[in-house]
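Scroll down for the structure; my scribbles are underneath it.
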Amino acid sequence: MSVEIEKGCVMVTGASRGIGAAIALGLARAGYRVGCLSRSGEMPQISGVTPEIAERFYAAACDVSRPEQLAKTFAEITQRTGQPVVGLVNNAGIHSQGRIETIEEREFKNVMDVNAYSVLAASQSIYPFLLERKSGLIVNIGSFFDKLGVKQHLTYCATKAAVAAMTRCMAVEWGNKGIRVLNVAPGYVMTDFNRDQIEKGPLADYLSKRIPAGVAGQAQDIGNFVTSLFVLNSPYMTGETIYIDGAHGILQ
Ligand code: NJP
């Protein structure tokens, strides 16, 4: 594959593995430089990374729940790429499960910090870069749990509902500055982390009956879709949540 046209740099949080790695790969293949943020600072762990693609990745250690780290990391990556920043994908997220009666304040606040506050903090940090060009796209990675009542998932559901709400508010407030904001909300997506659970056992049985598409999604499904949002550059599309869940979330 040869990339002929430079399309600028997109920052992707949580790009070391899973869905974030697939988004980073899709964007690099489409000609973007990709800032790959994660706590470990590892390069995206995903098959299909050729040496040419690897050259387009700029991996950096950054905890997204720490605003000062975000601002510093974006500035450093921008300097390394020498390319304008054209977008941000707020993908980093953690899971949380437990009965409502047992949820502790510390756990609730930590998951809120990583899944929701980081979306605000990273978007604030990228804003000056996008404002300078009067153009840019922020894609948040939410979840179809944002509109569902899921037993033992109050904290996670609340964080993802917050992501959808922030998407709408940012789209409205920054719409006249050329900055678009979208929320991509996956259903069950197979990653290395959850592959065993999704492929075997009770969850596998449940999903085969509940997902109209019949199977869980793959990280590439989300990676390719997010890439297409950047490539399409559809100027009037902003503020929306787009569900990619094999119709799971609308099944009666
Ligand atoms: O997550 P996983 P997924 N600061 O665990 C990084 C949503 N979603 O790909 O920090 C910076 O494989 C972590 O790296 P490291 C989900 O809510 C998924 O499944 O080094 N980075 C890694 O790169 C999330 O928002 C499903 O440990 C931090 C990455 O984030 C997004 O999709 C369904 C960090 C996590 O990789 C990606 O999920 C759904 C921090 N504080 C929504 N904490 C699904 N997979 O089924 C973690 O509805 N990372």
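Identifiers in the structure tokens: chain A, B, ... in order shown; residue index from 1 per chain; ligand index from 1 in order shown.
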
* To do: Once DSSP has gone over the backbone, tell me which residues of range 14-207 of chain A are in alpha helix (DSSP H), as a PyMOL selection string.
  => chain A and resi 18-29+51-54+67-81+105-112+118-133+154-174+195-199+201-207

* Asked: Mind listing the residues within 7 Å of ligand 1, only C-alpha atoms and all ligand atoms counted, as a ChimeraX atom specification?
  -> /A:13-20,37-42,62-65,91-95,114-115,141-145,185-193

* Of the candidates A:Leu70, A:Ile23, A:Ala75, A:Ala171, which one gets nearest to Val226 in chain A if we count only C-alpha atoms? -> A:Ile23

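Closest to Gly48 in chain A among A:Gln220, A:Pro235, A:Leu203, A:Ala164 is A:Gln220, based on only C-alpha atoms.
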
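CA of Lys147 in chain A lies 22.4 Å from CA of Thr102 in chain A.
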